[in-house]
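**Q** Contents of data35.csv (CSV, C-alpha atoms and all ligand atoms):
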chain,number,residue,atom,x,y,z
N,196,MET,CA,-23.4,102.4,-29.8
N,197,SER,CA,-21.2,103.9,-32.4
N,198,MET,CA,-18.2,102.2,-30.9
N,199,LYS,CA,-15.6,100.1,-32.5
N,200,CYS,CA,-15.0,96.4,-31.7
N,201,SER,CA,-12.0,96.1,-29.3
N,202,LYS,CA,-10.8,93.1,-31.3
N,203,CYS,CA,-11.1,94.0,-34.9
N,204,GLY,CA,-12.3,97.6,-35.3
N,205,GLU,CA,-15.7,96.8,-37.0
N,206,PRO,CA,-18.7,98.5,-35.5
N,207,ALA,CA,-19.5,97.1,-32.0
N,208,VAL,CA,-22.9,95.7,-31.1
N,209,TYR,CA,-22.3,94.5,-27.6
N,210,LEU,CA,-20.4,95.6,-24.5
N,211,ARG,CA,-19.3,92.7,-22.3
N,212,ARG,CA,-19.0,94.7,-19.2
N,213,TYR,CA,-17.1,92.2,-17.0
N,214,THR,CA,-14.2,92.0,-19.4
N,215,ASN,CA,-14.8,95.6,-20.8
N,216,GLU,CA,-14.8,94.3,-24.4
N,217,ARG,CA,-16.8,96.1,-27.1
N,218,LEU,CA,-17.6,93.4,-29.7
N,219,CYS,CA,-18.9,93.2,-33.2
N,220,VAL,CA,-21.2,90.2,-34.1
N,221,SER,CA,-18.5,87.9,-35.3
N,222,CYS,CA,-16.1,88.7,-32.4
N,223,LEU,CA,-19.1,88.2,-30.0
N,224,VAL,CA,-19.7,84.8,-31.4
N,225,LYS,CA,-16.0,83.9,-31.4
N,226,THR,CA,-15.2,85.1,-27.9
N,227,THR,CA,-18.3,83.4,-26.5
N,228,GLN,CA,-17.1,80.1,-28.0
N,229,ASP,CA,-13.6,80.8,-26.7
N,230,ARG,CA,-14.9,81.4,-23.1
N,231,VAL,CA,-16.7,78.0,-23.3
N,232,ARG,CA,-13.6,76.3,-24.6
N,233,LYS,CA,-11.5,77.9,-21.8
N,234,THR,CA,-14.0,76.6,-19.2
N,235,ILE,CA,-13.8,73.1,-20.7
N,236,ASN,CA,-10.0,73.2,-20.6
N,237,ARG,CA,-9.7,74.8,-17.2
N,238,TYR,CA,-11.8,72.1,-15.5
N,239,ALA,CA,-10.9,69.3,-17.9
N,240,LEU,CA,-14.6,68.8,-18.6
N,241,LEU,CA,-14.3,66.8,-21.8
N,242,LYS,CA,-12.2,64.0,-23.3
N,243,GLU,CA,-11.7,63.6,-27.0
N,244,ASP,CA,-13.9,60.5,-27.5
N,245,ASP,CA,-16.7,61.4,-25.1
N,246,ARG,CA,-20.3,60.7,-25.9
N,247,ILE,CA,-21.8,64.0,-24.7
N,248,VAL,CA,-25.4,63.9,-23.7
N,249,VAL,CA,-26.6,67.5,-23.8
N,250,ALA,CA,-29.6,68.4,-21.6
N,251,ILE,CA,-31.9,70.6,-23.6
N,252,SER,CA,-34.9,72.4,-22.2
N,253,GLY,CA,-36.0,74.5,-25.2
N,254,GLY,CA,-34.9,77.7,-23.4
N,255,LYS,CA,-32.0,79.9,-24.5
N,256,ASP,CA,-29.3,78.7,-22.1
N,257,SER,CA,-29.3,75.2,-23.4
N,258,ALA,CA,-29.8,76.5,-27.0
N,259,VAL,CA,-26.4,78.2,-26.6
N,260,LEU,CA,-24.9,75.1,-25.0
N,261,LEU,CA,-25.9,72.9,-27.9
N,262,ASP,CA,-24.8,75.4,-30.5
N,263,VAL,CA,-21.4,76.0,-29.0
N,264,LEU,CA,-20.6,72.4,-28.2
N,265,THR,CA,-21.6,71.4,-31.7
N,266,ARG,CA,-19.1,73.9,-33.1
N,267,ILE,CA,-16.4,73.0,-30.6
N,268,GLU,CA,-16.8,69.3,-31.1
N,269,SER,CA,-16.8,69.5,-34.8
N,270,GLY,CA,-13.0,69.6,-34.4
N,271,PHE,CA,-13.0,66.2,-32.5
N,272,SER,CA,-13.9,63.5,-34.9
N,273,ARG,CA,-14.2,60.8,-32.2
N,274,SER,CA,-16.7,62.6,-29.9
N,275,GLU,CA,-20.5,62.6,-30.3
N,276,ILE,CA,-23.3,64.9,-29.2
N,277,ILE,CA,-26.7,63.6,-28.2
N,278,PRO,CA,-29.3,66.3,-27.4
N,279,LEU,CA,-31.8,65.1,-24.7
N,280,LEU,CA,-35.0,66.7,-23.6
N,281,ILE,CA,-36.9,65.6,-20.6
N,282,ASP,CA,-40.6,66.4,-21.0
N,283,GLU,CA,-42.1,66.7,-17.6
N,284,GLY,CA,-45.6,67.0,-19.0
N,285,ILE,CA,-46.5,70.6,-18.3
N,286,GLU,CA,-49.3,71.5,-20.7
N,287,GLY,CA,-48.8,74.7,-22.7
N,288,TYR,CA,-45.2,75.0,-21.6
N,289,ARG,CA,-42.8,72.2,-22.1
N,290,ASP,CA,-44.7,71.0,-25.2
N,291,ARG,CA,-44.0,74.3,-26.9
N,292,ALA,CA,-40.4,74.4,-25.6
N,293,ARG,CA,-40.0,71.0,-27.1
N,294,GLU,CA,-40.9,72.3,-30.6
N,295,ALA,CA,-38.2,75.0,-30.3
N,296,ALA,CA,-35.7,72.3,-29.1
N,297,LYS,CA,-36.6,70.1,-32.1
N,298,LYS,CA,-36.1,73.0,-34.5
N,299,LEU,CA,-32.7,73.8,-32.9
N,300,ALA,CA,-31.5,70.2,-33.0
N,301,ASP,CA,-32.6,69.8,-36.6
N,302,SER,CA,-30.8,73.0,-37.6
N,303,LEU,CA,-27.6,71.7,-36.1
N,304,GLY,CA,-27.9,68.3,-37.7
N,305,HIS,CA,-28.8,66.3,-34.5
N,306,ASP,CA,-31.6,64.0,-33.6
N,307,LEU,CA,-33.4,65.2,-30.5
N,308,ILE,CA,-34.0,62.4,-28.0
N,309,VAL,CA,-37.1,62.9,-25.9
N,310,ARG,CA,-38.0,61.1,-22.6
N,311,THR,CA,-41.0,61.8,-20.5
N,312,PHE,CA,-41.9,61.7,-16.8
N,313,SER,CA,-44.8,59.5,-17.8
N,314,GLN,CA,-42.4,56.9,-19.3
N,315,TYR,CA,-40.2,56.8,-16.2
N,316,PHE,CA,-42.6,57.5,-13.4
N,317,GLY,CA,-46.1,56.6,-14.8
N,318,MET,CA,-47.4,60.2,-14.5
N,319,SER,CA,-46.7,63.6,-15.8
N,320,LEU,CA,-45.9,66.6,-13.6
N,321,ASP,CA,-49.4,68.0,-14.2
N,322,GLU,CA,-50.8,64.6,-12.9
N,323,MET,CA,-48.5,64.6,-9.9
N,324,MET,CA,-49.8,68.1,-9.0
N,325,THR,CA,-53.4,66.9,-8.9
N,326,LYS,CA,-52.5,63.9,-6.8
N,327,ARG,CA,-50.2,65.4,-4.2
N,328,ALA,CA,-51.4,65.9,-0.7
N,329,ALA,CA,-52.3,69.5,0.4
N,330,GLU,CA,-49.3,69.9,2.7
N,331,SER,CA,-46.8,68.7,0.0
N,332,PRO,CA,-43.9,70.8,-1.2
N,333,GLY,CA,-44.4,72.9,-4.4
N,334,ALA,CA,-44.2,71.7,-8.0
N,335,CYS,CA,-40.5,72.6,-8.4
N,336,SER,CA,-39.5,70.2,-5.6
N,337,TYR,CA,-41.1,67.3,-7.5
N,338,CYS,CA,-39.9,68.5,-10.8
N,339,GLY,CA,-36.3,68.9,-9.6
N,340,VAL,CA,-36.1,65.4,-8.0
N,341,PHE,CA,-37.7,63.6,-10.9
N,342,ARG,CA,-35.9,65.5,-13.6
N,343,ARG,CA,-32.6,64.8,-12.0
N,344,ARG,CA,-33.4,61.1,-12.0
N,345,ALA,CA,-34.8,61.1,-15.5
N,346,LEU,CA,-31.8,62.8,-16.9
N,347,ASN,CA,-29.4,60.3,-15.3
N,348,GLU,CA,-31.5,57.3,-16.4
N,349,ALA,CA,-31.7,58.6,-20.0
N,350,ALA,CA,-28.0,59.5,-20.1
N,351,ARG,CA,-27.2,56.0,-18.9
N,352,GLU,CA,-29.4,54.4,-21.5
N,353,LEU,CA,-27.8,56.5,-24.2
N,354,LYS,CA,-24.4,55.4,-22.9
N,355,GLY,CA,-23.3,58.9,-22.3
N,356,ASP,CA,-19.8,59.6,-20.8
N,357,VAL,CA,-21.0,62.9,-19.6
N,358,LEU,CA,-24.2,64.9,-19.2
N,359,ALA,CA,-23.8,68.6,-20.1
N,360,THR,CA,-26.2,71.1,-18.6
N,361,GLY,CA,-26.9,74.7,-19.5
N,362,HIS,CA,-26.2,76.3,-16.1
N,363,ILE,CA,-24.8,79.8,-16.6
N,364,LEU,CA,-22.8,82.2,-14.4
N,365,ASP,CA,-25.9,83.9,-13.1
N,366,ASP,CA,-27.5,80.6,-11.9
N,367,GLU,CA,-24.3,79.5,-10.3
N,368,ALA,CA,-23.6,82.7,-8.5
N,369,GLN,CA,-27.2,82.8,-7.2
N,370,THR,CA,-27.0,79.2,-6.0
N,371,ILE,CA,-23.7,79.9,-4.2
N,372,VAL,CA,-25.1,83.0,-2.4
N,373,MET,CA,-28.3,81.1,-1.5
N,374,ASN,CA,-26.3,78.2,0.0
N,375,ILE,CA,-24.2,80.7,2.0
N,376,LEU,CA,-27.2,82.5,3.3
N,377,ARG,CA,-28.8,79.2,4.4
N,378,GLY,CA,-25.6,77.9,5.9
N,379,ASP,CA,-26.0,74.8,3.8
N,380,THR,CA,-22.5,73.3,4.0
N,381,ARG,CA,-23.5,69.9,2.5
N,382,ARG,CA,-24.6,71.6,-0.7
N,383,MET,CA,-21.6,73.9,-0.7
N,384,GLY,CA,-19.5,70.8,-0.9
N,385,ARG,CA,-21.4,69.5,-3.9
N,386,THR,CA,-21.9,72.5,-6.1
N,387,ASN,CA,-19.2,73.5,-8.6
N,388,THR,CA,-17.5,70.2,-8.7
N,389,PRO,CA,-15.6,70.4,-12.0
N,390,ARG,CA,-16.4,67.1,-13.7
N,391,GLU,CA,-18.2,65.5,-10.8
N,392,GLU,CA,-16.2,62.6,-9.5
N,393,THR,CA,-17.9,59.5,-10.8
N,394,VAL,CA,-20.1,57.7,-8.4
N,395,GLU,CA,-21.1,54.2,-9.5
N,396,GLY,CA,-24.2,54.5,-11.8
N,397,PHE,CA,-24.0,58.2,-12.1
N,398,VAL,CA,-23.2,59.9,-15.4
N,399,PRO,CA,-20.9,62.8,-14.5
N,400,ARG,CA,-22.4,66.2,-15.0
N,401,ILE,CA,-20.6,69.1,-16.5
N,402,LYS,CA,-21.6,72.8,-16.8
N,403,PRO,CA,-19.6,74.3,-19.7
N,404,LEU,CA,-21.4,77.6,-19.6
N,405,ILE,CA,-20.6,78.7,-16.1
N,406,GLN,CA,-18.4,81.5,-17.3
N,407,LEU,CA,-21.0,83.1,-19.5
N,408,SER,CA,-23.5,85.6,-18.2
N,409,GLU,CA,-27.2,86.0,-18.9
N,410,ARG,CA,-26.4,89.0,-21.0
N,411,ASP,CA,-23.9,87.0,-23.1
N,412,ILE,CA,-26.5,84.4,-23.7
N,413,VAL,CA,-29.1,86.9,-24.7
N,414,ALA,CA,-26.8,88.5,-27.2
N,415,TYR,CA,-25.6,85.2,-28.6
N,416,THR,CA,-29.1,83.8,-29.2
N,417,HIS,CA,-30.2,87.1,-30.7
N,418,PHE,CA,-27.4,87.5,-33.2
N,419,LEU,CA,-27.3,83.9,-34.2
N,420,LYS,CA,-31.1,83.7,-34.3
N,421,LEU,CA,-31.2,80.5,-32.3
N,422,PRO,CA,-34.7,79.2,-31.9
N,423,TYR,CA,-35.9,79.0,-28.2
N,424,HIS,CA,-39.0,79.2,-26.2
N,425,ASP,CA,-39.0,81.9,-23.6
N,426,VAL,CA,-42.2,81.9,-21.6
N,427,PRO,CA,-42.0,81.2,-17.8
N,428,CYS,CA,-43.2,77.9,-16.5
N,429,PRO,CA,-46.8,78.2,-15.0
N,430,TYR,CA,-45.5,76.5,-11.8
N,431,ALA,CA,-42.5,78.8,-11.4
N,432,SER,CA,-42.4,80.1,-7.8
N,433,GLU,CA,-38.8,80.9,-7.0
N,434,ALA,CA,-39.4,84.1,-5.0
N,435,TYR,CA,-36.2,83.8,-2.9
N,436,ARG,CA,-34.0,83.1,-5.9
N,437,ASN,CA,-35.6,86.1,-7.7
N,438,ASP,CA,-34.7,88.4,-4.8
N,439,ILE,CA,-31.1,87.2,-4.9
N,440,ARG,CA,-31.0,87.6,-8.7
N,441,GLU,CA,-32.1,91.2,-8.4
N,442,PHE,CA,-29.6,92.0,-5.7
N,443,LEU,CA,-26.8,90.4,-7.7
N,444,ASN,CA,-27.7,92.1,-10.9
N,445,GLU,CA,-27.5,95.4,-9.2
N,446,MET,CA,-24.1,94.6,-7.7
N,447,GLU,CA,-22.9,93.3,-11.1
N,448,TYR,CA,-24.1,96.5,-12.8
N,449,LYS,CA,-22.2,98.7,-10.3
N,450,ARG,CA,-19.2,96.5,-10.1
N,451,PRO,CA,-18.8,94.3,-13.2
N,452,GLY,CA,-17.0,91.1,-12.3
N,453,THR,CA,-18.9,90.5,-9.1
N,454,LEU,CA,-20.6,87.3,-10.4
N,455,LEU,CA,-17.3,85.8,-11.5
N,456,ALA,CA,-15.8,86.7,-8.2
N,457,ILE,CA,-18.7,84.8,-6.5
N,458,LEU,CA,-18.1,81.8,-8.7
N,459,HIS,CA,-14.5,81.6,-7.8
N,460,SER,CA,-15.2,82.1,-4.1
N,461,GLY,CA,-17.8,79.3,-4.4
N,462,GLU,CA,-15.1,77.0,-5.8
N,463,ALA,CA,-12.8,77.7,-2.9
N,464,ILE,CA,-15.7,77.1,-0.4
N,465,SER,CA,-16.7,73.9,-2.3
N,466,ASP,CA,-13.1,72.5,-2.1
N,467,ALA,CA,-13.1,73.2,1.7
N,468,PHE,CA,-16.4,71.4,2.3
N,469,ARG,CA,-16.0,68.6,-0.2
N,470,GLY,CA,-15.5,66.0,2.6
N,471,GLU,CA,-18.9,66.8,4.1
N,472,ALA,CA,-20.7,65.7,1.0
N,473,SER,CA,-18.9,62.4,0.4
N,474,ASP,CA,-20.6,60.3,3.1
N,475,ASP,CA,-23.9,61.2,1.4
N,476,THR,CA,-24.4,57.8,-0.2
N,477,ALA,CA,-24.6,55.3,2.5
N,478,GLY,CA,-26.8,52.7,1.0
N,479,THR,CA,-29.2,51.7,-1.8
N,480,CYS,CA,-32.9,52.3,-2.2
N,481,LEU,CA,-35.0,49.2,-1.3
N,482,ARG,CA,-37.3,49.8,-4.3
N,483,CYS,CA,-35.1,51.0,-7.2
N,484,GLY,CA,-31.6,50.2,-6.1
N,485,GLU,CA,-30.3,53.8,-6.6
N,486,LEU,CA,-27.9,55.2,-4.0
N,487,THR,CA,-29.6,56.9,-1.0
N,488,THR,CA,-29.0,57.8,2.6
N,489,GLY,CA,-32.4,56.4,3.9
N,490,LYS,CA,-34.3,53.2,3.1
N,491,LEU,CA,-36.1,54.8,0.1
N,492,CYS,CA,-34.6,57.3,-2.3
N,493,LYS,CA,-36.4,60.6,-2.7
N,494,VAL,CA,-37.9,59.5,-6.1
N,495,CYS,CA,-39.5,56.4,-4.6
N,496,SER,CA,-40.7,58.0,-1.4
N,497,MET,CA,-42.3,60.8,-3.5
N,498,LEU,CA,-43.9,58.3,-5.8
N,499,GLN,CA,-45.2,56.4,-2.8
N,500,ASP,CA,-46.9,59.5,-1.5
N,501,LEU,CA,-48.4,60.4,-4.9
N,502,ARG,CA,-49.8,56.9,-5.3
N,503,GLY,CA,-51.3,57.0,-1.8
N,504,GLU,CA,-49.3,54.0,-0.6
N,505,THR,CA,-47.8,53.7,2.8
N,601,LIG,FE1,-40.1,72.4,-13.1
N,601,LIG,FE2,-40.4,74.5,-11.4
N,601,LIG,FE3,-38.8,74.7,-13.5
N,601,LIG,FE4,-41.5,74.6,-13.8
N,601,LIG,S1,-40.3,76.2,-12.8
N,601,LIG,S2,-40.0,73.5,-15.1
N,601,LIG,S3,-42.0,73.2,-12.2
N,601,LIG,S4,-38.5,73.3,-11.8
N,602,ZN,ZN,-35.7,54.5,-5.2
Please express what this file holds, its structure, as structure tokens.
Ligand code: SF4
Ligand code: ZN
**A**
Amino acid sequence: MSMKCSKCGEPAVYLRRYTNERLCVSCLVKTTQDRVRKTINRYALLKEDDRIVVAISGGKDSAVLLDVLTRIESGFSRSEIIPLLIDEGIEGYRDRAREAAKKLADSLGHDLIVRTFSQYFGMSLDEMMTKRAAESPGACSYCGVFRRRALNEAARELKGDVLATGHILDDEAQTIVMNILRGDTRRMGRTNTPREETVEGFVPRIKPLIQLSERDIVAYTHFLKLPYHDVPCPYASEAYRNDIREFLNEMEYKRPGTLLAILHSGEAISDAFRGEASDDTAGTCLRCGELTTGKLCKVCSMLQDLRGET
């Protein structure tokens, strides 16, 4: 691409299609950080003295998250960044991603905090998979439920004010479209809440990268040479999401800006359905005391099944 950067005139290396900007390396880095800063301001995601626990997976999305937040927060002397990795115990996968995460955290001057499924639940995801009954849901259902709990527990132990996750525009748009296609109004009322209203005992979650696309992330990690691990999880089986991703990528290619339009529609839908999600938390789990609608929370009932208790 022998084009010139639309910002400064230097040779461009990247075309951000949805804003129609041709960017050189330093303007790519700068505008990426600006987009995150804008997202933070638009939704009032951060306060000046926040302890920000940053969920790191070892993959590229959360690598960009940690890098950008570190740069942005270096201007706020009273805030603090704590990178946290939850190791589910998936052999040959998360152990390697963990090495990449450690390298990244070190290079940015942070100590990586690691917590494991074994510490919190007495078994790794690999062990859960050998113990579950034949008719049980897939690995990702367990992984999602337990990771959510582990992240919250750890963020609470670390006295985090917020928990930042690396969800990007593509993820959010896919989730919104999936919820619409399934008619899942409860979920629609829950996704895209800006700085999730604090429920007692819940560390609010923020998603500072939702206005960055997958292509932006790939370009940023490439030009800043951020370490990350990019091999798919051996349990990955998101056939439905993959179909949606393909369909949305095609739309985005033909009509740049489609993903952002979906994100904004999702916010409007979310506002309209917010009430439906609020009576979600009727009581507390008999075993662990966490909020739940039934007698046992999802974590405890899954653990009960895995241990063969009734
Ligand atoms: Fe967990 Fe599924 Fe993701 Fe693997 S693909 S890390 S099992 S949620
Ligand atoms: Zn419970």
**Q** Hey, which bits of chain N sit within 8 Å of ligand ZN 602 (chain N), and for each residue what's the closest pair of atoms and how far apart in Å (one decimal), counting only C-alpha atoms and all ligand atoms, rows by chain and increasing number, as a Markdown table?
**A**
| residue | atom | partner | partner_atom | distance |
| --- | --- | --- | --- | --- |
| N:Thr479 | CA | N:ZN602 | ZN | 7.9 |
| N:Cys480 | CA | N:ZN602 | ZN | 4.7 |
| N:Leu481 | CA | N:ZN602 | ZN | 6.6 |
| N:Arg482 | CA | N:ZN602 | ZN | 5.0 |
| N:Cys483 | CA | N:ZN602 | ZN | 4.1 |
| N:Gly484 | CA | N:ZN602 | ZN | 6.0 |
| N:Glu485 | CA | N:ZN602 | ZN | 5.6 |
| N:Leu486 | CA | N:ZN602 | ZN | 7.9 |
| N:Thr487 | CA | N:ZN602 | ZN | 7.8 |
| N:Leu491 | CA | N:ZN602 | ZN | 5.3 |
| N:Cys492 | CA | N:ZN602 | ZN | 4.2 |
| N:Lys493 | CA | N:ZN602 | ZN | 6.6 |
| N:Val494 | CA | N:ZN602 | ZN | 5.5 |
| N:Cys495 | CA | N:ZN602 | ZN | 4.3 |
| N:Ser496 | CA | N:ZN602 | ZN | 7.2 |
**Q** Between N:Ser252, N:Thr311, N:Asn215, N:Ser221, which residue has the minimum interatomic distance to ligand LIG 601 (chain N), considering only C-alpha atoms and all ligand atoms?
**A**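 Between N:Ser252, N:Thr311, N:Asn215, N:Ser221, the residue approaching ligand LIG 601 (chain N) most closely is N:Ser252.
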**Q** What is the distance between atom CA of N:Lys326 and atom CA of N:Cys338, in Å to one decimal?
**A**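 Atom CA of N:Cys338 lies at a distance of 14.0 Å from atom CA of N:Lys326.
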**Q** Using all atoms listed in the file, determine which residues fall within 8 Å of ligand LIG 601 (chain N), then list them as a list in words.
**A**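 I would give the residues around ligand LIG 601 (chain N) as Glu283, Ile285, Arg289, Leu320, Ala334, Cys335, Ser336, Tyr337, Cys338, Gly339, Pro427, Cys428, Pro429, Tyr430, Ala431, Ser432 and Glu433 of chain N.
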**Q** Produce a table with one row for each residue of stretch 228-301 of chain N that has an atom at most 9 Å from any atom of stretch 358-380 of chain N, each row naming the nearest atom pair and its distance in Å at one decimal; use all atoms listed in the file; arrange rows by chain and rising residue number; format as a tab-separated table.
**A**
residue	atom	partner	partner_atom	distance
N:Arg246	CA	N:Leu358	CA	8.8
N:Ile247	CA	N:Leu358	CA	6.1
N:Val248	CA	N:Leu358	CA	4.8
N:Val249	CA	N:Ala359	CA	4.8
N:Ala250	CA	N:Thr360	CA	5.3
N:Ile251	CA	N:Thr360	CA	7.6
N:Ser252	CA	N:Gly361	CA	8.8
N:Lys255	CA	N:Gly361	CA	8.8
N:Asp256	CA	N:Gly361	CA	5.3
N:Ser257	CA	N:Gly361	CA	4.6
N:Ala258	CA	N:Gly361	CA	8.2
N:Val259	CA	N:Gly361	CA	7.9
N:Leu260	CA	N:Gly361	CA	5.9
N:Leu261	CA	N:Gly361	CA	8.6
**Q** State, in Å with one decimal place, the distance from atom CA of N:Arg273 to atom CA of N:Glu243.
**A**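 Straight-line distance from atom CA of N:Arg273 to atom CA of N:Glu243 works out to 6.4 Å.
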**Q** Could you tell me how far atom CA of N:Phe312 sits from atom CA of N:Asp282, in Å to one decimal place?
**A**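 The value is 6.4 Å.
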**Q** Excluding same-chain residues fewer than 3 positions from N:Cys200, what lies within 12 Å of it counting only C-alpha atoms, as JSON, numbers by chain?
**A** {"N": [196, 197, 203, 204, 205, 206, 207, 208, 209, 210, 211, 215, 216, 217, 218, 219, 220, 221, 222, 223, 226]}
**Q** Output the selection as an mmCIF file, in the frame of the given file - C-alpha atoms for each residue.
**A**
data_model
loop_
_atom_site.group_PDB
_atom_site.id
_atom_site.type_symbol
_atom_site.label_atom_id
_atom_site.label_comp_id
_atom_site.auth_asym_id
_atom_site.auth_seq_id
_atom_site.Cartn_x
_atom_site.Cartn_y
_atom_site.Cartn_z
ATOM 1 C CA MET N 196 -23.400 102.400 -29.800
ATOM 2 C CA SER N 197 -21.200 103.900 -32.400
ATOM 3 C CA CYS N 203 -11.100 94.000 -34.900
ATOM 4 C CA GLY N 204 -12.300 97.600 -35.300
ATOM 5 C CA GLU N 205 -15.700 96.800 -37.000
ATOM 6 C CA PRO N 206 -18.700 98.500 -35.500
ATOM 7 C CA ALA N 207 -19.500 97.100 -32.000
ATOM 8 C CA VAL N 208 -22.900 95.700 -31.100
ATOM 9 C CA TYR N 209 -22.300 94.500 -27.600
ATOM 10 C CA LEU N 210 -20.400 95.600 -24.500
ATOM 11 C CA ARG N 211 -19.300 92.700 -22.300
ATOM 12 C CA ASN N 215 -14.800 95.600 -20.800
ATOM 13 C CA GLU N 216 -14.800 94.300 -24.400
ATOM 14 C CA ARG N 217 -16.800 96.100 -27.100
ATOM 15 C CA LEU N 218 -17.600 93.400 -29.700
ATOM 16 C CA CYS N 219 -18.900 93.200 -33.200
ATOM 17 C CA VAL N 220 -21.200 90.200 -34.100
ATOM 18 C CA SER N 221 -18.500 87.900 -35.300
ATOM 19 C CA CYS N 222 -16.100 88.700 -32.400
ATOM 20 C CA LEU N 223 -19.100 88.200 -30.000
ATOM 21 C CA THR N 226 -15.200 85.100 -27.900
#
**Q** So, counting all atoms listed in the file, which residue among N:Val426, N:Ile276, N:Leu454, N:Leu419 is closest to N:Ile308?
**A**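 Looking only at the distances to N:Ile308, the closest residue turns out to be N:Ile276.
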**Q** Rank nothing, just name the residue among N:His424, N:Leu346, N:Glu286, N:Met497 nearest to N:Met323, using all atoms listed in the file.
**A**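 Among the listed residues, the smallest separation from N:Met323 belongs to N:Met497.
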**Q** So that I can see what lies close to N:Glu322, please list as a PyMOL selection string the residues with an atom at most 10 Å from it, counting all atoms listed in the file and leaving out residues fewer than 4 positions away in the same chain.
**A** chain N and resi 284-285+313+317-318+326-327+501
**Q** Take the residues that were just selected and, keeping C-alpha atoms, output them as an mmCIF file, keeping the file's coordinate frame.
**A**
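Output file part_37.cif follows:
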data_model
loop_
_atom_site.group_PDB
_atom_site.id
_atom_site.type_symbol
_atom_site.label_atom_id
_atom_site.label_comp_id
_atom_site.auth_asym_id
_atom_site.auth_seq_id
_atom_site.Cartn_x
_atom_site.Cartn_y
_atom_site.Cartn_z
ATOM 1 C CA GLY N 284 -45.600 67.000 -19.000
ATOM 2 C CA ILE N 285 -46.500 70.600 -18.300
ATOM 3 C CA SER N 313 -44.800 59.500 -17.800
ATOM 4 C CA GLY N 317 -46.100 56.600 -14.800
ATOM 5 C CA MET N 318 -47.400 60.200 -14.500
ATOM 6 C CA LYS N 326 -52.500 63.900 -6.800
ATOM 7 C CA ARG N 327 -50.200 65.400 -4.200
ATOM 8 C CA LEU N 501 -48.400 60.400 -4.900
#
**Q** Could you add whatever atoms are missing so that stretch 357-371 of chain N carries N, CA and C atoms, then write the result as an mmCIF file, keeping the file's coordinate frame?
**A**
data_model
loop_
_atom_site.group_PDB
_atom_site.id
_atom_site.type_symbol
_atom_site.label_atom_id
_atom_site.label_comp_id
_atom_site.auth_asym_id
_atom_site.auth_seq_id
_atom_site.Cartn_x
_atom_site.Cartn_y
_atom_site.Cartn_z
ATOM 1 N N VAL N 357 -20.651 61.769 -20.372
ATOM 2 C CA VAL N 357 -21.000 62.900 -19.600
ATOM 3 C C VAL N 357 -22.331 63.473 -19.913
ATOM 4 N N LEU N 358 -22.886 64.215 -18.965
ATOM 5 C CA LEU N 358 -24.200 64.900 -19.200
ATOM 6 C C LEU N 358 -23.883 66.390 -19.020
ATOM 7 N N ALA N 359 -24.044 67.131 -20.107
ATOM 8 C CA ALA N 359 -23.800 68.600 -20.100
ATOM 9 C C ALA N 359 -25.080 69.326 -19.815
ATOM 10 N N THR N 360 -25.050 70.273 -18.885
ATOM 11 C CA THR N 360 -26.200 71.100 -18.600
ATOM 12 C C THR N 360 -25.965 72.549 -18.877
ATOM 13 N N GLY N 361 -27.028 73.309 -19.087
ATOM 14 C CA GLY N 361 -26.900 74.700 -19.500
ATOM 15 C C GLY N 361 -26.823 75.724 -18.387
ATOM 16 N N HIS N 362 -26.346 75.320 -17.208
ATOM 17 C CA HIS N 362 -26.200 76.300 -16.100
ATOM 18 C C HIS N 362 -25.255 77.416 -16.504
ATOM 19 N N ILE N 363 -25.658 78.651 -16.260
ATOM 20 C CA ILE N 363 -24.800 79.800 -16.600
ATOM 21 C C ILE N 363 -24.308 80.478 -15.344
ATOM 22 N N LEU N 364 -23.433 81.453 -15.555
ATOM 23 C CA LEU N 364 -22.800 82.200 -14.400
ATOM 24 C C LEU N 364 -23.835 82.712 -13.441
ATOM 25 N N ASP N 365 -24.884 83.336 -13.955
ATOM 26 C CA ASP N 365 -25.900 83.900 -13.100
ATOM 27 C C ASP N 365 -26.514 82.879 -12.149
ATOM 28 N N ASP N 366 -26.868 81.707 -12.714
ATOM 29 C CA ASP N 366 -27.500 80.600 -11.900
ATOM 30 C C ASP N 366 -26.508 80.180 -10.808
ATOM 31 N N GLU N 367 -25.245 79.982 -11.212
ATOM 32 C CA GLU N 367 -24.300 79.500 -10.300
ATOM 33 C C GLU N 367 -24.029 80.447 -9.135
ATOM 34 N N ALA N 368 -23.878 81.728 -9.485
ATOM 35 C CA ALA N 368 -23.600 82.700 -8.500
ATOM 36 C C ALA N 368 -24.837 82.817 -7.504
ATOM 37 N N GLN N 369 -26.048 82.746 -8.052
ATOM 38 C CA GLN N 369 -27.200 82.800 -7.200
ATOM 39 C C GLN N 369 -27.258 81.576 -6.247
ATOM 40 N N THR N 370 -26.966 80.402 -6.789
ATOM 41 C CA THR N 370 -27.000 79.200 -6.000
ATOM 42 C C THR N 370 -25.950 79.287 -4.843
ATOM 43 N N ILE N 371 -24.760 79.771 -5.184
ATOM 44 C CA ILE N 371 -23.700 79.900 -4.200
ATOM 45 C C ILE N 371 -24.143 80.827 -3.058
#
